[in-house]
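Structure first, then comments.
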Amino acid sequence: MASCSKVLDKRDLGSLQADLVFNDSVLARTYLDYIYDQNLPGWGGTWGTSGNLSDESYGESKYFEGTLQPNDVNDFGTKLDANNAFGKIRAINLFIQQVDGGSLTTTWKTTLKSQALFFRAWRYFELVKLYGGVPIILEPQSAVGDEAKQEDYVPRNKTSECIAQIVKDLDAAIAALPARWANTNDWGRITSGAAAALKARALLYWASPEFNPSDLADRWQAAYTAAKAAKDLLSSNGYGLNSSFQNMWFSEVNNPEAVFVTCYNNLSGDQTKKNNGYDNSTRPSINGTGGGSNQPSKELVDAFPMKDGKKITDATSAYTYNAQTFYKNRDPRFDNTIAFNGATWPLNGVNDYKIWTYFVGNTSTETGKASNTGFYCRKAIDPAVTTGNVQYSGTDWMEIRYAEVLLTLAETACGVNNTAEAYEQLTAIRKRAGIDAGADQLYGLKAGMTRAEMFSAILDERLYEFAFEGKRFWDLRRWKMFENVLNGKKRTGVIITLNTDAISAADFKAQRDKMDLDMAYTSYLTIAPKIMDTKYAVNWKPEYYFFAIPKSAIDNNPKLDQNVGWGGSFDPVQ
């Protein structure tokens with residue numbers, strides 16, 4: 001890396017010398033690794049877990065206060081900067097432009113370039129998700145920013161043109177990349193299956209109501225064809241659902257679930273350190289050196305179905321839901337996603353550890369920083385890591401899991417009115433989760449669902465399956481559901497209080513770890529709601545379905561037209 005840094009750090013990026021980099025396989029791959037490092041998503045995706053921007057968690061934001069300004073979503077980038085979107089695209093374009101000029105073998109050039117094409121598609125897809133169409137730049141520009149002349153300015157391309165370019169780049173990557181890398185040291189590199197899965201995701205967004213308000217059938221058909229191809233390609237090459245929903249995060253190299261993965265490690269003190277940060281920030285503070293973020297809302301707690309797959313409000317469920325013992329007989333993903341007061345949660349190598357979040361009077365009994373909602377997120381929290389090493393957790397992030405490929409296929413199959421195939425994917429997901437099959441083998445799904453009912457069931461399934469994986473915010477946005485799900489409402493948590501008239505605080509503390517949990521809840525604990533959004537009710541505005549191009553970007557490039565709804569005439573659905 002040191003030998004390559006002088007090349008990569010040249011002040012004039014346009015003068016990158018192909019004979020120094022692209023005649024040397026090590027230097028060429030090091031440049032490609034730089035592209036990986038610049039573009040791989042962090043834990044929870046580009047915007048993190050995004051729980052505070054959905055019904056999964058809570059948190060103040062301009063998005064939900066309704067006060068978002070044109071410069072607030074500034075992922076666009078307005079200058080030559082290696083860390084903004086178009087700076088990253090410039091580095092990718094330089095690589096794509098110059099790799100063919102070197103003396104590497106044709107096969108090696110194609111393999112390297114195809115990985116760069118994937119990341120160009122990824123970077124453009126992330127921009128389109130935010131703003132709709134953006135300028136398509138496929139070669140490094142000769143001048144940018146203050147150096148640019150009028151003829152150098154590039155207008156926005158239509159969203160449809162951007163989607164077409166994303167698909168073109170991904171098709172090239174699918175055709176050239178291996179389905180699996182032969183060397184396990186290449187684990188985490190982009191495969192043809194990852195490119196196929198991203199293509200399916202991009203076309204799913206293009207078919208969704210945010211981009212497709214007229215429900216155009218050809219959009220759904222294209223997305224379905226891509227999703228079907230992605231599943232077939234991955235399945236035929238050994239990918240599939242990990243046998244354990246709970247433990248799949250701790251299986252790394254050759255994990256069948258991991259389609260598009262960002263690798264981390266648990267090193268603590270050298271230049272190769274790349275810790276994920278998520279584990280330390282999410283677990284209770286007493287069990288780590290940070291702690292307590294990503295706290296589940298009561299809305300998320302209530303969303304999970306019962307163990308037979310039926311909603312807690314469904315009177316036909318074989319399990320009777322009781323609000324006082326809310327944790328009983330729930331979808332097994334509930335216990336593997338949410339830690340609640342009294343839950344057994346193996347942490348720090350202690351297999352019978354129990355988490356307690358109850359209050360005595362107005363005082364929390366938690367040691368350390370207490371949960372505000374009364375719940376913790378336990379998904380992907382490594383039970384074996386010791387308290388002192390939590391900050392160095394190296395659990396990998398799966399940006400695209402095989403489960404997402406199945407649910408993308410389910411949604412696109414529903415889009416083309418093939419509900420039978422949608423059922424197949426949903427039942428596979430629910431079977432892995434551990435939901436009861438039921439006499440009809442539908443795992444709690446309603447038989448004979450309409451297209452609208454199936455769409456709703458799939459979005460619900462995505463909530464259960466991908467909670468705190470950064471998917472819910474984008475699902476609500478692409479389906480334009482914020483007004484129905486959250487507007488005018490305030491997200492909630494719970495306050496669980498010990499009834500000291502029934503038992504003393506000291507006696508309960510002494511007995512609680514061995515006490516039957518049902519007895520604790522029915523005899524000694526009370527549950528009351530807690531309003532989490534204390535300053536305002538949610539006020540998501542319709543124009544937020546496509547964010548404004550930052551004013552600073554338009555000042556930098558006068559040919560950029562602003563989105564409709566933000567004072568411009570650019571239509572992002574075209």
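Each chain in the structure tokens gets a letter, A, B, ..., in the order shown, and its residues are numbered from 1; ligands are numbered from 1 in order too.
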Contact residues around stretch 464-473 of chain A with only C-alpha atoms at 8 Å, ignoring same-chain residues under 5 positions, as a ChimeraX atom specification: /A:43-45,47-51,53-54,56,294,303-304,333-334,337,377,379
Distance query stretch 451-462 of chain A at most 9 Å, only C-alpha atoms, self and fewer than 4 positions along chain excluded, as a ChimeraX atom specification: /A:303-304,404,407,410-411,414-415,417-419,422-423,426,429-430,445-446,466-467,471-472,475-476
For the residues in the current selection, export N, CA and C atoms as a PDB file, in the first residue's frame.
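Saved as again03.pdb:
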ATOM      1  N   ALA A 303     -45.025  -5.287  16.365  1.00  0.00           N
ATOM      2  CA  ALA A 303     -45.153  -5.688  14.961  1.00  0.00           C
ATOM      3  C   ALA A 303     -44.877  -7.169  14.762  1.00  0.00           C
ATOM      4  N   PHE A 304     -43.937  -7.737  15.508  1.00  0.00           N
ATOM      5  CA  PHE A 304     -43.594  -9.146  15.305  1.00  0.00           C
ATOM      6  C   PHE A 304     -44.809 -10.031  15.548  1.00  0.00           C
ATOM      7  N   GLU A 404     -32.704 -11.342   1.429  1.00  0.00           N
ATOM      8  CA  GLU A 404     -33.210 -10.199   0.666  1.00  0.00           C
ATOM      9  C   GLU A 404     -33.488 -10.588  -0.777  1.00  0.00           C
ATOM     10  N   LEU A 407     -36.825 -12.176  -0.827  1.00  0.00           N
ATOM     11  CA  LEU A 407     -37.936 -11.244  -0.628  1.00  0.00           C
ATOM     12  C   LEU A 407     -38.055 -10.267  -1.791  1.00  0.00           C
ATOM     13  N   ALA A 410     -39.954 -12.336  -4.165  1.00  0.00           N
ATOM     14  CA  ALA A 410     -41.356 -12.388  -3.746  1.00  0.00           C
ATOM     15  C   ALA A 410     -42.096 -11.122  -4.156  1.00  0.00           C
ATOM     16  N   GLU A 411     -41.487  -9.969  -3.915  1.00  0.00           N
ATOM     17  CA  GLU A 411     -42.162  -8.699  -4.198  1.00  0.00           C
ATOM     18  C   GLU A 411     -42.339  -8.480  -5.695  1.00  0.00           C
ATOM     19  N   CYS A 414     -44.984 -10.802  -7.012  1.00  0.00           N
ATOM     20  CA  CYS A 414     -46.297 -10.220  -6.728  1.00  0.00           C
ATOM     21  C   CYS A 414     -46.598  -9.097  -7.713  1.00  0.00           C
ATOM     22  N   GLY A 415     -45.575  -8.315  -8.061  1.00  0.00           N
ATOM     23  CA  GLY A 415     -45.761  -7.224  -9.010  1.00  0.00           C
ATOM     24  C   GLY A 415     -46.244  -7.681 -10.360  1.00  0.00           C
ATOM     25  N   ASN A 417     -48.087 -10.344 -10.711  1.00  0.00           N
ATOM     26  CA  ASN A 417     -49.282 -11.147 -10.400  1.00  0.00           C
ATOM     27  C   ASN A 417     -49.001 -12.642 -10.289  1.00  0.00           C
ATOM     28  N   ASN A 418     -47.786 -12.977  -9.901  1.00  0.00           N
ATOM     29  CA  ASN A 418     -47.439 -14.368  -9.662  1.00  0.00           C
ATOM     30  C   ASN A 418     -47.352 -14.576  -8.151  1.00  0.00           C
ATOM     31  N   THR A 419     -48.500 -14.559  -7.492  1.00  0.00           N
ATOM     32  CA  THR A 419     -48.502 -14.671  -6.031  1.00  0.00           C
ATOM     33  C   THR A 419     -48.043 -16.051  -5.565  1.00  0.00           C
ATOM     34  N   ALA A 422     -44.496 -15.811  -4.968  1.00  0.00           N
ATOM     35  CA  ALA A 422     -44.282 -14.979  -3.786  1.00  0.00           C
ATOM     36  C   ALA A 422     -44.466 -15.802  -2.509  1.00  0.00           C
ATOM     37  N   TYR A 423     -45.500 -16.628  -2.474  1.00  0.00           N
ATOM     38  CA  TYR A 423     -45.720 -17.512  -1.322  1.00  0.00           C
ATOM     39  C   TYR A 423     -44.499 -18.408  -1.074  1.00  0.00           C
ATOM     40  N   LEU A 426     -41.764 -16.428   0.745  1.00  0.00           N
ATOM     41  CA  LEU A 426     -42.155 -16.074   2.110  1.00  0.00           C
ATOM     42  C   LEU A 426     -42.134 -17.289   3.036  1.00  0.00           C
ATOM     43  N   ILE A 429     -38.569 -18.183   4.017  1.00  0.00           N
ATOM     44  CA  ILE A 429     -38.055 -17.270   5.045  1.00  0.00           C
ATOM     45  C   ILE A 429     -38.633 -17.629   6.405  1.00  0.00           C
ATOM     46  N   ARG A 430     -39.934 -17.873   6.450  1.00  0.00           N
ATOM     47  CA  ARG A 430     -40.589 -18.159   7.729  1.00  0.00           C
ATOM     48  C   ARG A 430     -40.190 -19.534   8.280  1.00  0.00           C
ATOM     49  N   LEU A 445     -49.293 -17.450   6.963  1.00  0.00           N
ATOM     50  CA  LEU A 445     -49.728 -16.531   5.914  1.00  0.00           C
ATOM     51  C   LEU A 445     -51.184 -16.807   5.548  1.00  0.00           C
ATOM     52  N   LYS A 446     -51.906 -15.776   5.232  1.00  0.00           N
ATOM     53  CA  LYS A 446     -53.286 -15.929   4.781  1.00  0.00           C
ATOM     54  C   LYS A 446     -53.302 -16.602   3.417  1.00  0.00           C
ATOM     55  N   PHE A 466     -35.471  -7.896   8.563  1.00  0.00           N
ATOM     56  CA  PHE A 466     -34.359  -6.959   8.417  1.00  0.00           C
ATOM     57  C   PHE A 466     -34.350  -5.841   9.455  1.00  0.00           C
ATOM     58  N   ALA A 467     -35.033  -6.021  10.571  1.00  0.00           N
ATOM     59  CA  ALA A 467     -35.050  -4.975  11.600  1.00  0.00           C
ATOM     60  C   ALA A 467     -33.619  -4.579  11.953  1.00  0.00           C
ATOM     61  N   LYS A 471     -32.996  -1.203   6.302  1.00  0.00           N
ATOM     62  CA  LYS A 471     -33.883  -1.421   5.153  1.00  0.00           C
ATOM     63  C   LYS A 471     -35.238  -0.719   5.317  1.00  0.00           C
ATOM     64  N   ARG A 472     -35.707  -0.590   6.558  1.00  0.00           N
ATOM     65  CA  ARG A 472     -37.087  -0.133   6.782  1.00  0.00           C
ATOM     66  C   ARG A 472     -37.319   1.296   6.280  1.00  0.00           C
ATOM     67  N   ASP A 475     -37.761   1.146   2.629  1.00  0.00           N
ATOM     68  CA  ASP A 475     -39.015   0.481   2.259  1.00  0.00           C
ATOM     69  C   ASP A 475     -40.193   1.430   2.416  1.00  0.00           C
ATOM     70  N   LEU A 476     -40.237   2.149   3.537  1.00  0.00           N
ATOM     71  CA  LEU A 476     -41.322   3.112   3.739  1.00  0.00           C
ATOM     72  C   LEU A 476     -41.266   4.217   2.684  1.00  0.00           C
TER      73      LEU A 476
END
Go through stretch 111-207 of chain A and flag each residue having an atom no more than 7 Å from stretch 556-574 of chain A; for those, report the closest pair of atoms plus their distance in Å to one decimal, using only C-alpha atoms, ordered by chain and rising number, as a Markdown table.
| residue | atom | partner | partner_atom | distance |
| --- | --- | --- | --- | --- |
| A:Gly132 | CA | A:Pro572 | CA | 4.6 |
| A:Gly133 | CA | A:Pro572 | CA | 6.0 |
| A:Gly145 | CA | A:Asn556 | CA | 6.0 |
| A:Tyr153 | CA | A:Asn557 | CA | 5.9 |
| A:Val154 | CA | A:Lys559 | CA | 6.3 |
| A:Pro155 | CA | A:Lys559 | CA | 4.9 |
| A:Arg156 | CA | A:Leu560 | CA | 5.9 |
| A:Lys158 | CA | A:Gln574 | CA | 6.0 |
| A:Thr159 | CA | A:Gln574 | CA | 5.8 |
| A:Ser160 | CA | A:Gln574 | CA | 6.1 |
Go ahead and write the selection's residues with C-alpha atoms as a PDB file, in the first residue's frame.
ATOM      1  CA  GLY A 132     -33.692  10.639  -8.700  1.00  0.00           C
ATOM      2  CA  GLY A 133     -31.677  11.261 -11.866  1.00  0.00           C
ATOM      3  CA  GLY A 145     -15.656  23.312  -9.507  1.00  0.00           C
ATOM      4  CA  TYR A 153     -21.088  21.765 -16.795  1.00  0.00           C
ATOM      5  CA  VAL A 154     -23.166  18.591 -17.054  1.00  0.00           C
ATOM      6  CA  PRO A 155     -26.968  18.551 -16.604  1.00  0.00           C
ATOM      7  CA  ARG A 156     -28.903  15.854 -14.813  1.00  0.00           C
ATOM      8  CA  LYS A 158     -33.334  11.321 -16.446  1.00  0.00           C
ATOM      9  CA  THR A 159     -33.793   8.746 -13.708  1.00  0.00           C
ATOM     10  CA  SER A 160     -34.622   6.164 -16.384  1.00  0.00           C
TER      11      SER A 160
END
Distance of atom CA of A:Ala428 from atom CA of A:Tyr327, expressed in Å to one decimal place: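 Spanning atom CA of A:Tyr327 to atom CA of A:Ala428 is a straight-line distance of 23.9 Å.
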Contact residues around A:Asn487 with only C-alpha atoms at 6 Å, ignoring same-chain residues under 2 positions, as a ChimeraX atom specification: /A:483,489,538-539
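In this comparison, which uses only C-alpha atoms, the residue of A:Gly290, A:Gly361, A:Pro529, A:Gly374 approaching A:Lys490 most closely is A:Pro529.
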Secondary structure check, strand (DSSP E or B) residues of stretch 240-447 of chain A, as a PyMOL selection string: chain A and resi 258-262+306+330+338-339+344+347+350+354+359-360+363-364+376-377+397-401
Store the residues of this selection in a file with C-alpha atoms, as a short mmCIF file (atom, residue, chain, number, x, y, z; two decimals), in the first residue's frame.
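selection34.cif, freshly written:
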data_model
loop_
_atom_site.label_atom_id
_atom_site.label_comp_id
_atom_site.auth_asym_id
_atom_site.auth_seq_id
_atom_site.Cartn_x
_atom_site.Cartn_y
_atom_site.Cartn_z
CA ALA A 258 -23.62 -13.31 2.59
CA VAL A 259 -24.11 -12.02 -0.96
CA PHE A 260 -22.65 -8.50 -0.72
CA VAL A 261 -20.49 -8.18 2.37
CA THR A 262 -18.23 -5.62 4.04
CA MET A 306 -46.90 -14.86 17.11
CA ARG A 330 -43.66 -14.86 19.49
CA ILE A 338 -35.17 -7.60 20.79
CA ALA A 339 -33.89 -7.83 24.36
CA THR A 344 -32.03 -14.30 28.91
CA LEU A 347 -23.33 -11.75 26.77
CA VAL A 350 -22.14 -15.59 30.39
CA LYS A 354 -30.45 -11.73 32.13
CA PHE A 359 -37.83 0.78 37.57
CA VAL A 360 -38.31 1.00 41.32
CA THR A 363 -35.31 5.03 39.50
CA SER A 364 -34.01 2.61 36.90
CA TYR A 376 -32.39 -3.22 23.43
CA CYS A 377 -31.50 -4.46 19.96
CA TRP A 397 -21.80 -6.51 7.59
CA MET A 398 -24.04 -8.20 5.02
CA GLU A 399 -25.42 -5.41 2.83
CA ILE A 400 -27.31 -7.96 0.74
CA ARG A 401 -28.29 -11.25 2.33
#
Spatial neighbours of A:Asn266, 9 Å, only C-alpha atoms, chain gap at least 2 places, as a VMD selection string: chain A and resid 264 268 273 to 276 389 to 395
Would you export the selected residues with N, CA and C atoms as a short mmCIF file (atom, residue, chain, number, x, y, z; two decimals), in the first residue's frame, please?
data_model
loop_
_atom_site.label_atom_id
_atom_site.label_comp_id
_atom_site.auth_asym_id
_atom_site.auth_seq_id
_atom_site.Cartn_x
_atom_site.Cartn_y
_atom_site.Cartn_z
N TYR A 264 -14.95 -6.85 8.27
CA TYR A 264 -14.30 -6.15 9.38
C TYR A 264 -13.37 -7.13 10.08
N SER A 268 -6.80 -4.32 17.12
CA SER A 268 -6.96 -3.18 18.03
C SER A 268 -5.89 -2.10 17.91
N LYS A 273 -6.44 -2.17 11.22
CA LYS A 273 -7.63 -2.23 12.08
C LYS A 273 -8.86 -1.75 11.32
N LYS A 274 -9.91 -2.54 11.36
CA LYS A 274 -11.19 -2.15 10.77
C LYS A 274 -12.29 -2.78 11.59
N ASN A 275 -12.68 -2.09 12.67
CA ASN A 275 -13.71 -2.58 13.58
C ASN A 275 -15.06 -2.01 13.18
N ASN A 276 -16.15 -2.76 13.46
CA ASN A 276 -17.43 -2.32 12.90
C ASN A 276 -18.14 -1.23 13.71
N ASN A 389 -13.14 -6.06 24.92
CA ASN A 389 -12.85 -6.20 23.49
C ASN A 389 -14.02 -5.83 22.59
N VAL A 390 -15.14 -5.41 23.18
CA VAL A 390 -16.31 -5.09 22.37
C VAL A 390 -16.01 -4.00 21.36
N GLN A 391 -15.22 -3.02 21.76
CA GLN A 391 -14.90 -1.91 20.85
C GLN A 391 -14.11 -2.37 19.63
N TYR A 392 -13.56 -3.58 19.68
CA TYR A 392 -12.80 -4.10 18.56
C TYR A 392 -13.57 -5.17 17.78
N SER A 393 -14.87 -5.23 17.96
CA SER A 393 -15.66 -6.25 17.29
C SER A 393 -15.45 -6.19 15.78
N GLY A 394 -15.29 -7.36 15.18
CA GLY A 394 -15.04 -7.43 13.75
C GLY A 394 -16.11 -8.14 12.97
N THR A 395 -17.34 -8.22 13.51
CA THR A 395 -18.44 -8.89 12.81
C THR A 395 -18.69 -8.23 11.46
#
Stretch 361-453 of chain A: residues DSSP assigns to alpha helix (DSSP H), reported as a ChimeraX atom specification: /A:402-415,419-433,451-453
Writing out the chosen residues with C-alpha atoms as a PDB file, in the first residue's frame:
ATOM      1  CA  TYR A 402     -29.720 -14.211   0.467  1.00  0.00           C
ATOM      2  CA  ALA A 403     -32.938 -13.559   2.397  1.00  0.00           C
ATOM      3  CA  GLU A 404     -33.210 -10.199   0.666  1.00  0.00           C
ATOM      4  CA  VAL A 405     -32.850 -11.870  -2.721  1.00  0.00           C
ATOM      5  CA  LEU A 406     -35.787 -14.131  -1.833  1.00  0.00           C
ATOM      6  CA  LEU A 407     -37.936 -11.244  -0.628  1.00  0.00           C
ATOM      7  CA  THR A 408     -37.043  -9.188  -3.700  1.00  0.00           C
ATOM      8  CA  LEU A 409     -38.180 -12.125  -5.812  1.00  0.00           C
ATOM      9  CA  ALA A 410     -41.356 -12.388  -3.746  1.00  0.00           C
ATOM     10  CA  GLU A 411     -42.162  -8.699  -4.198  1.00  0.00           C
ATOM     11  CA  THR A 412     -41.430  -8.623  -7.905  1.00  0.00           C
ATOM     12  CA  ALA A 413     -43.349 -11.875  -8.445  1.00  0.00           C
ATOM     13  CA  CYS A 414     -46.297 -10.220  -6.728  1.00  0.00           C
ATOM     14  CA  GLY A 415     -45.761  -7.224  -9.010  1.00  0.00           C
ATOM     15  CA  THR A 419     -48.502 -14.671  -6.031  1.00  0.00           C
ATOM     16  CA  ALA A 420     -47.746 -18.406  -6.003  1.00  0.00           C
ATOM     17  CA  GLU A 421     -44.042 -17.712  -6.404  1.00  0.00           C
ATOM     18  CA  ALA A 422     -44.282 -14.979  -3.786  1.00  0.00           C
ATOM     19  CA  TYR A 423     -45.720 -17.512  -1.322  1.00  0.00           C
ATOM     20  CA  GLU A 424     -42.765 -19.839  -1.995  1.00  0.00           C
ATOM     21  CA  GLN A 425     -40.226 -17.215  -0.953  1.00  0.00           C
ATOM     22  CA  LEU A 426     -42.155 -16.074   2.110  1.00  0.00           C
ATOM     23  CA  THR A 427     -42.654 -19.599   3.410  1.00  0.00           C
ATOM     24  CA  ALA A 428     -38.928 -20.337   2.962  1.00  0.00           C
ATOM     25  CA  ILE A 429     -38.055 -17.270   5.045  1.00  0.00           C
ATOM     26  CA  ARG A 430     -40.589 -18.159   7.729  1.00  0.00           C
ATOM     27  CA  LYS A 431     -39.499 -21.781   7.847  1.00  0.00           C
ATOM     28  CA  ARG A 432     -35.908 -20.723   8.535  1.00  0.00           C
ATOM     29  CA  ALA A 433     -37.176 -18.321  11.205  1.00  0.00           C
ATOM     30  CA  ARG A 451     -51.908  -8.624  -4.951  1.00  0.00           C
ATOM     31  CA  ALA A 452     -52.355  -5.745  -2.497  1.00  0.00           C
ATOM     32  CA  GLU A 453     -52.496  -8.106   0.488  1.00  0.00           C
TER      33      GLU A 453
END
Shell around A:Ser504 at 10 Å using only C-alpha atoms, local window under 6 positions removed, as a ChimeraX atom specification: /A:360,498,510,524
Selected residues, N, CA, C and O atoms, written as a JSON list (two decimals), in the first residue's frame, please.
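Saved the output as selection.json:
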[["chain", "number", "residue", "atom", "x", "y", "z"],
["A", 360, "VAL", "N", -37.76, 1.00, 39.96],
["A", 360, "VAL", "CA", -38.31, 1.00, 41.32],
["A", 360, "VAL", "C", -38.65, 2.45, 41.62],
["A", 360, "VAL", "O", -37.75, 3.29, 41.74],
["A", 498, "LEU", "N", -41.55, -2.07, 39.18],
["A", 498, "LEU", "CA", -41.76, -3.08, 40.21],
["A", 498, "LEU", "C", -42.82, -2.61, 41.19],
["A", 498, "LEU", "O", -42.77, -1.49, 41.69],
["A", 510, "ALA", "N", -33.02, -10.27, 44.57],
["A", 510, "ALA", "CA", -32.37, -11.52, 44.99],
["A", 510, "ALA", "C", -32.95, -12.73, 44.27],
["A", 510, "ALA", "O", -32.24, -13.72, 44.05],
["A", 524, "TYR", "N", -45.61, -9.09, 39.85],
["A", 524, "TYR", "CA", -44.78, -8.06, 40.46],
["A", 524, "TYR", "C", -44.47, -6.85, 39.57],
["A", 524, "TYR", "O", -44.01, -5.84, 40.08]]
Interatomic distance, atom CA of A:Gln115 to atom CA of A:Asn157 (Å, one decimal):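 Atom-to-atom, atom CA of A:Gln115 and atom CA of A:Asn157 are spaced 23.8 Å apart.
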Shell of 6 Å around A:Ala179, only C-alpha atoms, local chain residues under 6 positions omitted, as JSON, numbers by chain: {"A": [191, 192, 193]}
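Among the candidates A:Asp152, A:Gly66, A:Ile190, A:Tyr521, the residue lying nearest to A:Trp122 is A:Ile190 (atoms considered: only C-alpha atoms).
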Separation of atom CA of A:Asp308 from atom CA of A:Gly438, in Å and rounded to one decimal: 7.1 Å
Pick from A:Gly240, A:Phe211, A:Asn23, A:Lys541 nearest to A:Gly102, counting only C-alpha atoms: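 Under the stated criterion, the closest residue is A:Asn23.
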